[in-house]
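model19.txt follows; it contains compact mmCIF, C-alpha atoms.
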# COMPACT_ATOMS: atom_id res chain seq x y z
CA MET A 13 73.72 111.65 102.78
CA LYS A 14 71.68 114.71 103.66
CA MET A 15 68.04 114.47 104.63
CA LYS A 16 67.07 116.65 101.65
CA ARG A 17 68.26 113.95 99.23
CA LEU A 18 66.26 111.33 101.09
CA LEU A 19 63.18 113.52 100.95
CA SER A 20 63.70 114.10 97.23
CA ALA A 21 63.51 110.35 96.67
CA LEU A 22 60.34 110.17 98.72
CA LEU A 23 58.73 113.05 96.89
CA ALA A 24 59.41 111.28 93.61
CA ALA A 25 57.65 108.22 94.95
CA ILE A 26 54.73 110.06 96.49
CA VAL A 27 53.57 112.65 94.02
CA VAL A 28 52.98 109.86 92.35
CA THR A 29 51.03 107.48 91.07
CA ALA A 30 48.98 109.41 88.51
CA ALA A 31 50.63 109.09 85.09
CA GLY A 32 49.19 112.36 83.86
CA CYS A 33 49.20 114.49 86.95
CA SER A 34 52.53 115.46 88.45
CA ASP A 35 55.75 117.29 87.78
CA ASN A 36 57.83 115.49 85.14
CA SER A 37 60.92 117.64 85.28
CA GLY A 38 64.03 115.50 84.84
CA ALA A 39 62.06 112.33 84.11
CA ASP A 40 62.49 110.41 80.88
CA THR A 41 59.36 108.32 81.13
CA THR A 42 56.05 108.50 82.95
CA THR A 43 55.72 109.73 86.48
CA THR A 44 55.45 106.22 87.88
CA THR A 45 58.61 105.20 86.05
CA ALA A 46 60.47 108.10 87.59
CA THR A 47 59.20 107.29 91.07
CA THR A 48 60.59 103.77 91.13
CA THR A 49 63.91 104.75 89.59
CA ALA A 50 64.42 107.63 91.98
CA ALA A 51 63.50 105.64 95.04
CA GLU A 52 65.73 102.71 94.07
CA THR A 53 68.67 104.99 93.26
CA GLU A 54 68.45 106.83 96.54
CA ALA A 55 67.98 103.62 98.51
CA THR A 56 71.19 102.11 97.17
CA THR A 57 73.22 105.14 98.21
CA THR A 58 71.94 105.63 101.73
CA THR A 59 73.59 104.37 104.86
CA ALA A 60 70.40 102.45 105.53
CA ALA A 61 70.78 100.40 102.39
CA GLU A 62 74.40 99.68 103.25
CA THR A 63 73.71 98.60 106.81
CA THR A 64 70.32 96.93 106.62
CA THR A 65 68.83 94.41 104.27
CA ALA A 66 65.77 95.66 102.44
CA ALA A 67 62.87 93.32 102.94
CA GLU A 68 59.17 92.90 102.52
CA THR A 69 56.82 95.43 104.04
CA THR A 70 56.37 94.99 107.77
CA GLU A 71 53.18 93.02 108.33
CA ALA A 72 51.40 94.04 111.52
CA GLU A 73 48.32 91.94 112.03
CA THR A 74 45.73 94.64 112.42
CA THR A 75 42.74 95.48 110.30
CA THR A 76 42.55 98.27 107.78
CA THR A 77 41.18 101.42 109.31
CA ALA A 78 39.06 103.83 107.32
CA THR A 79 40.63 107.27 107.34
CA GLU A 80 38.27 110.21 107.23
CA ALA A 81 38.94 112.70 104.46
CA PRO A 82 40.06 116.13 105.61
CA ALA A 83 37.75 119.09 105.10
CA GLU A 84 40.04 120.39 102.38
CA ASN A 85 42.32 118.36 100.14
CA PRO A 86 45.73 120.13 100.25
CA LEU A 87 46.66 118.75 96.82
CA MET A 88 43.52 119.86 94.96
CA THR A 89 44.31 123.33 93.70
CA GLU A 90 41.86 125.27 91.54
CA GLU A 91 44.07 124.65 88.51
CA LEU A 92 44.19 120.91 89.18
CA ARG A 93 40.43 120.76 89.76
CA THR A 94 39.82 122.44 86.39
CA PHE A 95 42.21 120.01 84.67
CA ILE A 96 40.61 116.91 86.19
CA ASP A 97 37.09 118.09 85.38
CA ALA A 98 38.11 118.64 81.74
CA VAL A 99 39.55 115.13 81.51
CA LYS A 100 36.54 113.55 83.23
CA ALA A 101 34.19 115.14 80.69
CA GLU A 102 35.88 113.22 77.85
CA ALA A 103 37.56 110.26 79.60
CA PRO A 104 35.61 109.60 82.83
CA VAL A 105 37.58 106.53 83.95
CA TYR A 106 40.93 108.25 83.63
CA GLY A 107 39.58 111.44 85.14
CA ASP A 108 38.30 109.51 88.15
CA PHE A 109 41.73 107.89 88.50
CA LEU A 110 43.41 111.30 88.49
CA GLU A 111 40.98 112.58 91.09
CA LYS A 112 41.47 109.64 93.45
CA THR A 113 45.25 109.72 93.22
CA SER A 114 45.32 113.47 93.82
CA SER A 115 43.38 113.14 97.07
CA ILE A 116 44.33 112.55 100.70
CA PRO A 117 43.87 110.09 102.35
CA VAL A 118 44.65 107.52 99.67
CA THR A 119 46.16 104.06 99.31
CA MET A 120 47.29 102.88 95.89
CA ALA A 121 48.94 99.60 94.90
CA ILE A 122 50.20 98.93 91.38
CA ASN A 123 52.19 96.46 89.34
CA GLN A 124 54.32 98.26 86.80
CA GLU A 125 55.72 96.64 83.67
CA ILE A 126 58.70 98.42 82.16
CA ASP A 127 61.73 97.74 79.98
CA MET A 128 64.14 99.14 82.56
CA MET A 129 67.35 98.29 80.69
CA GLY A 130 66.11 99.05 77.18
CA ASP A 131 66.86 95.51 76.02
CA GLY A 132 63.30 94.32 75.49
CA GLN A 133 63.17 92.46 78.80
CA ILE A 134 60.09 93.46 80.78
CA THR A 135 60.47 93.87 84.54
CA THR A 136 57.48 93.99 86.88
CA THR A 137 57.76 96.27 89.88
CA TYR A 138 55.28 96.35 92.75
CA MET A 139 54.62 99.64 94.53
CA GLU A 140 52.23 100.53 97.32
CA ILE A 141 51.76 104.04 98.63
CA GLY A 142 49.57 105.05 101.56
CA MET A 143 49.05 108.68 102.56
CA ALA A 144 47.11 109.57 105.68
CA SER A 145 48.34 113.18 105.42
CA LEU A 146 51.17 115.15 103.85
CA ASP A 147 53.42 114.26 106.78
CA SER A 148 52.24 110.71 107.45
CA PHE A 149 52.74 108.19 104.65
CA TYR A 150 54.51 105.01 103.63
CA VAL A 151 56.06 103.64 100.44
CA SER A 152 56.72 99.96 99.77
CA THR A 153 58.35 98.76 96.57
CA ASP A 154 59.68 95.46 95.27
CA SER A 155 61.75 95.53 92.10
CA LEU A 156 63.91 92.62 90.91
CA GLY A 157 63.54 90.97 94.30
CA ALA A 158 64.83 94.00 96.19
CA PRO A 159 62.05 95.27 98.48
CA MET A 160 62.26 98.73 100.01
CA ASN A 161 60.03 99.97 102.81
CA ILE A 162 59.90 103.56 103.98
CA VAL A 163 57.64 105.14 106.60
CA ILE A 164 57.35 108.79 107.53
CA THR A 165 55.29 109.52 110.61
CA ASP A 166 55.51 111.52 113.85
CA GLY A 167 58.40 113.58 112.51
CA ARG A 168 60.58 110.55 111.75
CA TYR A 169 61.80 108.93 108.55
CA TYR A 170 62.14 105.12 108.85
CA MET A 171 63.72 102.50 106.58
CA VAL A 172 62.33 99.17 107.75
CA SER A 173 63.84 95.71 107.29
CA SER A 174 61.67 92.77 108.33
CA ASP A 175 64.54 90.34 107.61
CA GLU A 176 66.82 92.12 110.07
CA LYS A 177 63.94 93.25 112.31
CA THR A 178 65.41 96.73 112.31
CA ALA A 179 64.18 100.21 111.59
CA LEU A 180 66.82 102.78 110.75
CA TYR A 181 65.39 106.22 111.45
CA MET A 182 66.23 109.90 111.33
CA GLU A 183 64.49 112.80 112.99
CA MET A 184 63.04 115.39 110.62
CA THR A 185 63.36 119.04 111.51
CA ASP A 186 60.38 121.36 111.24
CA GLU A 187 62.09 122.98 108.26
CA GLU A 188 62.51 119.65 106.47
CA ALA A 189 58.89 118.67 107.15
CA ALA A 190 57.64 122.00 105.83
CA GLU A 191 59.84 121.69 102.74
CA MET A 192 58.49 118.22 102.07
CA ASN A 193 54.87 119.37 102.37
CA ASN A 194 55.44 122.37 100.13
CA SER A 195 57.23 120.29 97.50
CA MET A 196 54.47 117.69 97.37
CA THR A 197 51.76 120.30 97.06
CA ALA A 198 53.61 122.16 94.32
CA SER A 199 54.48 119.00 92.37
CA VAL A 200 50.95 117.66 91.93
CA LYS A 201 49.77 119.50 88.83
CA ALA A 202 48.55 118.92 85.30
CA ASN A 203 51.26 118.12 82.80
CA PHE A 204 49.25 118.08 79.61
CA ASP A 205 46.70 120.44 78.11
CA ALA A 206 43.35 118.71 78.63
CA SER A 207 41.52 121.08 76.29
CA ALA A 208 43.95 120.42 73.43
CA ALA A 209 44.08 116.64 73.89
CA LYS A 210 42.16 114.27 71.63
CA TYR A 211 39.94 111.61 73.17
CA GLU A 212 38.64 108.27 71.92
CA THR A 213 36.60 105.57 73.67
CA GLY A 214 35.36 102.10 72.76
CA GLU A 215 36.16 98.43 73.32
CA ALA A 216 39.40 96.67 72.48
CA GLU A 217 41.38 93.51 73.15
CA PHE A 218 44.21 93.85 75.65
CA LYS A 219 46.10 91.08 77.44
CA ASP A 220 43.72 88.44 76.03
CA ALA A 221 40.57 90.12 77.31
CA THR A 222 38.04 92.65 76.06
CA TYR A 223 38.12 95.98 77.85
CA TYR A 224 36.46 99.35 77.64
CA TYR A 225 39.22 101.76 76.65
CA GLU A 226 39.93 105.46 76.68
CA LYS A 227 42.71 106.87 74.52
CA ILE A 228 43.99 110.34 75.34
CA THR A 229 46.39 111.74 72.74
CA THR A 230 48.47 114.62 74.05
CA GLU A 231 51.23 116.74 72.62
CA GLU A 232 53.17 116.64 75.88
CA MET A 233 52.98 112.92 76.76
CA GLY A 234 51.92 111.16 73.59
CA GLU A 235 49.18 108.54 73.94
CA ILE A 236 47.72 107.50 77.27
CA MET A 237 45.71 104.28 77.05
CA VAL A 238 43.27 103.38 79.80
CA TYR A 239 41.65 99.94 80.07
CA ALA A 240 38.68 99.20 82.33
CA ASP A 241 36.24 96.36 82.92
CA ALA A 242 33.78 96.50 80.02
CA ALA A 243 30.76 96.07 82.29
CA THR A 244 31.67 97.91 85.50
CA LYS A 245 34.18 100.44 84.13
CA GLU A 246 36.55 99.54 86.98
CA LEU A 247 40.05 100.67 86.02
CA LYS A 248 42.51 97.86 85.31
CA TYR A 249 45.46 99.26 83.34
CA VAL A 250 47.05 102.56 82.37
CA VAL A 251 49.63 102.47 79.54
CA SER A 252 51.79 105.48 78.77
CA GLN A 253 55.26 106.06 77.29
CA GLY A 254 56.24 102.41 77.29
CA VAL A 255 55.05 101.64 80.83
CA THR A 256 52.08 99.39 81.63
CA MET A 257 50.63 100.05 85.05
CA GLU A 258 48.23 97.45 86.47
CA ILE A 259 45.97 98.91 89.13
CA VAL A 260 45.86 96.50 92.07
CA ASN A 261 43.97 98.77 94.45
CA ILE A 262 42.93 102.38 94.97
CA SER A 263 41.18 103.31 98.18
CA ALA A 264 40.50 106.24 100.48
CA ASP A 265 41.23 103.89 103.42
CA VAL A 266 44.72 103.82 104.89
CA ASP A 267 45.94 100.90 107.01
CA ALA A 268 47.07 102.44 110.32
CA SER A 269 49.25 99.40 111.07
CA LYS A 270 51.57 100.34 108.20
CA PHE A 271 52.85 103.25 110.28
CA GLU A 272 53.70 101.15 113.33
CA ILE A 273 57.16 99.73 114.01
CA PRO A 274 56.79 96.34 115.79
CA GLU A 275 57.94 96.33 119.40
CA ASP A 276 60.49 93.56 118.78
CA TYR A 277 62.29 95.58 116.07
CA THR A 278 65.56 97.33 116.90
CA LEU A 279 65.51 101.08 116.30
CA ILE A 280 68.80 102.39 114.92

Taking this structure as input, can you express it in the form of structure tokens?
Amino acid sequence: MKMKRLLSALLAAIVVTAAGCSDNSGADTTTTTATTTAAETEATTTTAAETTTAAETTEAETTTTATEAPAENPLMTEELRTFIDAVKAEAPVYGDFLEKTSSIPVTMAINQEIDMMGDGQITTTYMEIGMASLDSFYVSTDSLGAPMNIVITDGRYYMVSSDEKTALYMEMTDEEAAEMNNSMTASVKANFDASAAKYETGEAEFKDATYYYEKITTEEMGEIMVYADAATKELKYVVSQGVTMEIVNISADVDASKFEIPEDYTLI
């Protein structure tokens, strides 16, 4: 399979995370739904998936390193800044979420609940994304007991298997790296009209607890429900288009060890 198809899967997984802030072309559900599906589909068709067993994210025992923010955020265009500011004025928790997940560096971990087969059975998928820069990031997912771990750094694309202690890698050309950067930058954009949306806030019961909520009703995406701690306003859940996304962690710190391939792993 060509590198461009591999990069397409990665772009789907990277540009990301924010349910209301990325390109939805070709996706049937929210952005996060599309990311998992695309990544899993590509993983099952690659040589790496055929020759190595996907496993849990490589655990290198080093501490998390704070990554300094660049002088300019390459993802924050003027259009995106205007969109986020408009959302923050009416729904500050969701607006803050959009801002954090549209920034570099960023680490985000989520549990995603979705009816993947359309039969009423809910599947929980774990995803963690860490971006130190547009050309240095990792994606770890675990869906239905099938973990997938991808690292892009130093001009290489790795698929890592801790069970096999292997890392299948491919060299990226300058053209491929530039295409990836350009695609990510272009894909992070508003996908609903913030000025036309309707907003509602208050307190409500959700998952047997009382949360502060924000409801954003949009023509493009329907309802987006945001649930946060009633006292601290810390974001806990985002619900949109049939997908419940539990926020495990959002941070501007990126763990440098996630980009390292252990010395005892075999490079293929």

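The space between CA of Ile122 in chain A and CA of Tyr106 in chain A spans 15.3 Å.
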
With 10 Å as the cut-off and all atoms listed in the file counted, what is the closest atom pair between each nearby residue of range 96-135 of chain A and range 231-244 of chain A? Distances in Å to one decimal, ordered by chain and number, as CSV.
residue,atom,partner,partner_atom,distance
A:Ala103,CA,A:Val238,CA,8.9
A:Val105,CA,A:Ala240,CA,7.6
A:Tyr106,CA,A:Val238,CA,6.6
A:Phe109,CA,A:Val238,CA,9.9

What is the CA of Met88 in chain A to CA of Met196 in chain A distance in Å? 11.4 Å

May I ask for the distance between CA of Ile164 in chain A and CA of Lys270 in chain A, given in Å to one decimal place? 10.3 Å

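Shortest separation to Tyr223 in chain A among A:Tyr249, A:Phe149, A:Phe271, A:Phe204 occurs at residue A:Tyr249, atoms counted being all atoms listed in the file.
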
Restricting to only C-alpha atoms, whichever of A:Gln124, A:Ser155, A:Ser145, A:Thr137 is closest to Ala264 in chain A is A:Ser145

Which residue out of A:Val250, A:Ile228, A:Met184, A:Met129 has the minimum interatomic distance to Ala206 in chain A when only C-alpha atoms are used? A:Ile228

Leu247 in chain A proximity check over A:Ser173, A:Ser269, A:Thr119, A:Asn261, using all atoms listed in the file: winner is A:Asn261

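Among A:Asn203, A:Ser252, A:Asp166, A:Asp147, the residue with the shortest atom-to-atom distance to Lys227 in chain A, counting only C-alpha atoms, is A:Ser252.
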
Need the shell around Ile134 in chain A: protein/DNA/RNA residues with any atom at most 7 Å away, counting all atoms listed in the file. Skip same-chain ones fewer than 5 positions apart. Format as a PyMOL selection string? chain A and resi 125-127

Axis-aligned box over every listed atom of range 85-90 of chain A, padded by 4 Å per side: centre and edges in Å to one decimal, as AutoDock Vina command-line options?
--center_x 44.3 --center_y 121.8 --center_z 95.9 --size_x 12.8 --size_y 14.9 --size_z 16.7

Please, could N, CA, C and O atoms be added to range 85-108 of chain A and the result written as a PDB file, keeping the file's coordinate frame?
ATOM      1  N   ASN A  85      41.234 119.166 100.670  1.00  0.00           N
ATOM      2  CA  ASN A  85      42.320 118.360 100.140  1.00  0.00           C
ATOM      3  C   ASN A  85      43.490 119.302  99.801  1.00  0.00           C
ATOM      4  O   ASN A  85      43.365 120.132  98.903  1.00  0.00           O
ATOM      5  N   PRO A  86      44.626 119.182 100.480  1.00  0.00           N
ATOM      6  CA  PRO A  86      45.730 120.130 100.250  1.00  0.00           C
ATOM      7  C   PRO A  86      46.338 120.023  98.861  1.00  0.00           C
ATOM      8  O   PRO A  86      47.038 120.933  98.429  1.00  0.00           O
ATOM      9  N   LEU A  87      46.097 118.923  98.154  1.00  0.00           N
ATOM     10  CA  LEU A  87      46.660 118.750  96.820  1.00  0.00           C
ATOM     11  C   LEU A  87      45.765 119.299  95.714  1.00  0.00           C
ATOM     12  O   LEU A  87      46.227 119.535  94.608  1.00  0.00           O
ATOM     13  N   MET A  88      44.473 119.507  96.001  1.00  0.00           N
ATOM     14  CA  MET A  88      43.520 119.860  94.960  1.00  0.00           C
ATOM     15  C   MET A  88      43.432 121.376  94.794  1.00  0.00           C
ATOM     16  O   MET A  88      42.581 122.042  95.356  1.00  0.00           O
ATOM     17  N   THR A  89      44.344 121.909  94.000  1.00  0.00           N
ATOM     18  CA  THR A  89      44.310 123.330  93.700  1.00  0.00           C
ATOM     19  C   THR A  89      43.200 123.618  92.688  1.00  0.00           C
ATOM     20  O   THR A  89      42.652 122.710  92.047  1.00  0.00           O
ATOM     21  N   GLU A  90      42.883 124.886  92.510  1.00  0.00           N
ATOM     22  CA  GLU A  90      41.860 125.270  91.540  1.00  0.00           C
ATOM     23  C   GLU A  90      42.275 124.863  90.125  1.00  0.00           C
ATOM     24  O   GLU A  90      41.459 124.382  89.332  1.00  0.00           O
ATOM     25  N   GLU A  91      43.564 125.032  89.824  1.00  0.00           N
ATOM     26  CA  GLU A  91      44.070 124.650  88.510  1.00  0.00           C
ATOM     27  C   GLU A  91      43.935 123.147  88.278  1.00  0.00           C
ATOM     28  O   GLU A  91      43.523 122.694  87.205  1.00  0.00           O
ATOM     29  N   LEU A  92      44.286 122.364  89.303  1.00  0.00           N
ATOM     30  CA  LEU A  92      44.190 120.910  89.180  1.00  0.00           C
ATOM     31  C   LEU A  92      42.748 120.462  89.065  1.00  0.00           C
ATOM     32  O   LEU A  92      42.422 119.559  88.286  1.00  0.00           O
ATOM     33  N   ARG A  93      41.853 121.085  89.839  1.00  0.00           N
ATOM     34  CA  ARG A  93      40.430 120.760  89.760  1.00  0.00           C
ATOM     35  C   ARG A  93      39.878 121.005  88.356  1.00  0.00           C
ATOM     36  O   ARG A  93      39.138 120.174  87.811  1.00  0.00           O
ATOM     37  N   THR A  94      40.263 122.114  87.747  1.00  0.00           N
ATOM     38  CA  THR A  94      39.820 122.440  86.390  1.00  0.00           C
ATOM     39  C   THR A  94      40.344 121.404  85.390  1.00  0.00           C
ATOM     40  O   THR A  94      39.614 120.953  84.499  1.00  0.00           O
ATOM     41  N   PHE A  95      41.602 121.010  85.553  1.00  0.00           N
ATOM     42  CA  PHE A  95      42.210 120.010  84.670  1.00  0.00           C
ATOM     43  C   PHE A  95      41.485 118.667  84.778  1.00  0.00           C
ATOM     44  O   PHE A  95      41.117 118.064  83.770  1.00  0.00           O
ATOM     45  N   ILE A  96      41.256 118.206  85.991  1.00  0.00           N
ATOM     46  CA  ILE A  96      40.610 116.910  86.190  1.00  0.00           C
ATOM     47  C   ILE A  96      39.183 116.923  85.651  1.00  0.00           C
ATOM     48  O   ILE A  96      38.740 115.972  85.000  1.00  0.00           O
ATOM     49  N   ASP A  97      38.456 118.000  85.886  1.00  0.00           N
ATOM     50  CA  ASP A  97      37.090 118.090  85.380  1.00  0.00           C
ATOM     51  C   ASP A  97      37.063 118.036  83.853  1.00  0.00           C
ATOM     52  O   ASP A  97      36.166 117.415  83.260  1.00  0.00           O
ATOM     53  N   ALA A  98      38.046 118.671  83.201  1.00  0.00           N
ATOM     54  CA  ALA A  98      38.110 118.640  81.740  1.00  0.00           C
ATOM     55  C   ALA A  98      38.386 117.239  81.229  1.00  0.00           C
ATOM     56  O   ALA A  98      37.808 116.796  80.234  1.00  0.00           O
ATOM     57  N   VAL A  99      39.255 116.510  81.914  1.00  0.00           N
ATOM     58  CA  VAL A  99      39.550 115.130  81.510  1.00  0.00           C
ATOM     59  C   VAL A  99      38.343 114.235  81.751  1.00  0.00           C
ATOM     60  O   VAL A  99      37.978 113.422  80.893  1.00  0.00           O
ATOM     61  N   LYS A 100      37.691 114.384  82.897  1.00  0.00           N
ATOM     62  CA  LYS A 100      36.540 113.550  83.230  1.00  0.00           C
ATOM     63  C   LYS A 100      35.400 113.718  82.225  1.00  0.00           C
ATOM     64  O   LYS A 100      34.641 112.770  81.972  1.00  0.00           O
ATOM     65  N   ALA A 101      35.263 114.892  81.645  1.00  0.00           N
ATOM     66  CA  ALA A 101      34.190 115.140  80.690  1.00  0.00           C
ATOM     67  C   ALA A 101      34.355 114.293  79.430  1.00  0.00           C
ATOM     68  O   ALA A 101      33.369 113.905  78.783  1.00  0.00           O
ATOM     69  N   GLU A 102      35.604 113.975  79.079  1.00  0.00           N
ATOM     70  CA  GLU A 102      35.880 113.220  77.850  1.00  0.00           C
ATOM     71  C   GLU A 102      36.327 111.787  78.134  1.00  0.00           C
ATOM     72  O   GLU A 102      36.071 110.886  77.332  1.00  0.00           O
ATOM     73  N   ALA A 103      37.029 111.587  79.238  1.00  0.00           N
ATOM     74  CA  ALA A 103      37.560 110.260  79.600  1.00  0.00           C
ATOM     75  C   ALA A 103      37.259 110.041  81.082  1.00  0.00           C
ATOM     76  O   ALA A 103      38.131 110.230  81.942  1.00  0.00           O
ATOM     77  N   PRO A 104      36.025 109.653  81.418  1.00  0.00           N
ATOM     78  CA  PRO A 104      35.610 109.600  82.830  1.00  0.00           C
ATOM     79  C   PRO A 104      36.404 108.627  83.691  1.00  0.00           C
ATOM     80  O   PRO A 104      36.626 108.900  84.877  1.00  0.00           O
ATOM     81  N   VAL A 105      36.819 107.492  83.142  1.00  0.00           N
ATOM     82  CA  VAL A 105      37.580 106.530  83.950  1.00  0.00           C
ATOM     83  C   VAL A 105      38.939 107.103  84.324  1.00  0.00           C
ATOM     84  O   VAL A 105      39.355 107.054  85.487  1.00  0.00           O
ATOM     85  N   TYR A 106      39.627 107.665  83.345  1.00  0.00           N
ATOM     86  CA  TYR A 106      40.930 108.250  83.630  1.00  0.00           C
ATOM     87  C   TYR A 106      40.815 109.473  84.524  1.00  0.00           C
ATOM     88  O   TYR A 106      41.629 109.681  85.428  1.00  0.00           O
ATOM     89  N   GLY A 107      39.786 110.276  84.299  1.00  0.00           N
ATOM     90  CA  GLY A 107      39.580 111.440  85.140  1.00  0.00           C
ATOM     91  C   GLY A 107      39.326 111.064  86.584  1.00  0.00           C
ATOM     92  O   GLY A 107      39.831 111.699  87.507  1.00  0.00           O
ATOM     93  N   ASP A 108      38.554 109.994  86.797  1.00  0.00           N
ATOM     94  CA  ASP A 108      38.300 109.510  88.150  1.00  0.00           C
ATOM     95  C   ASP A 108      39.591 109.016  88.791  1.00  0.00           C
ATOM     96  O   ASP A 108      39.833 109.235  89.989  1.00  0.00           O
TER      97      ASP A 108
END
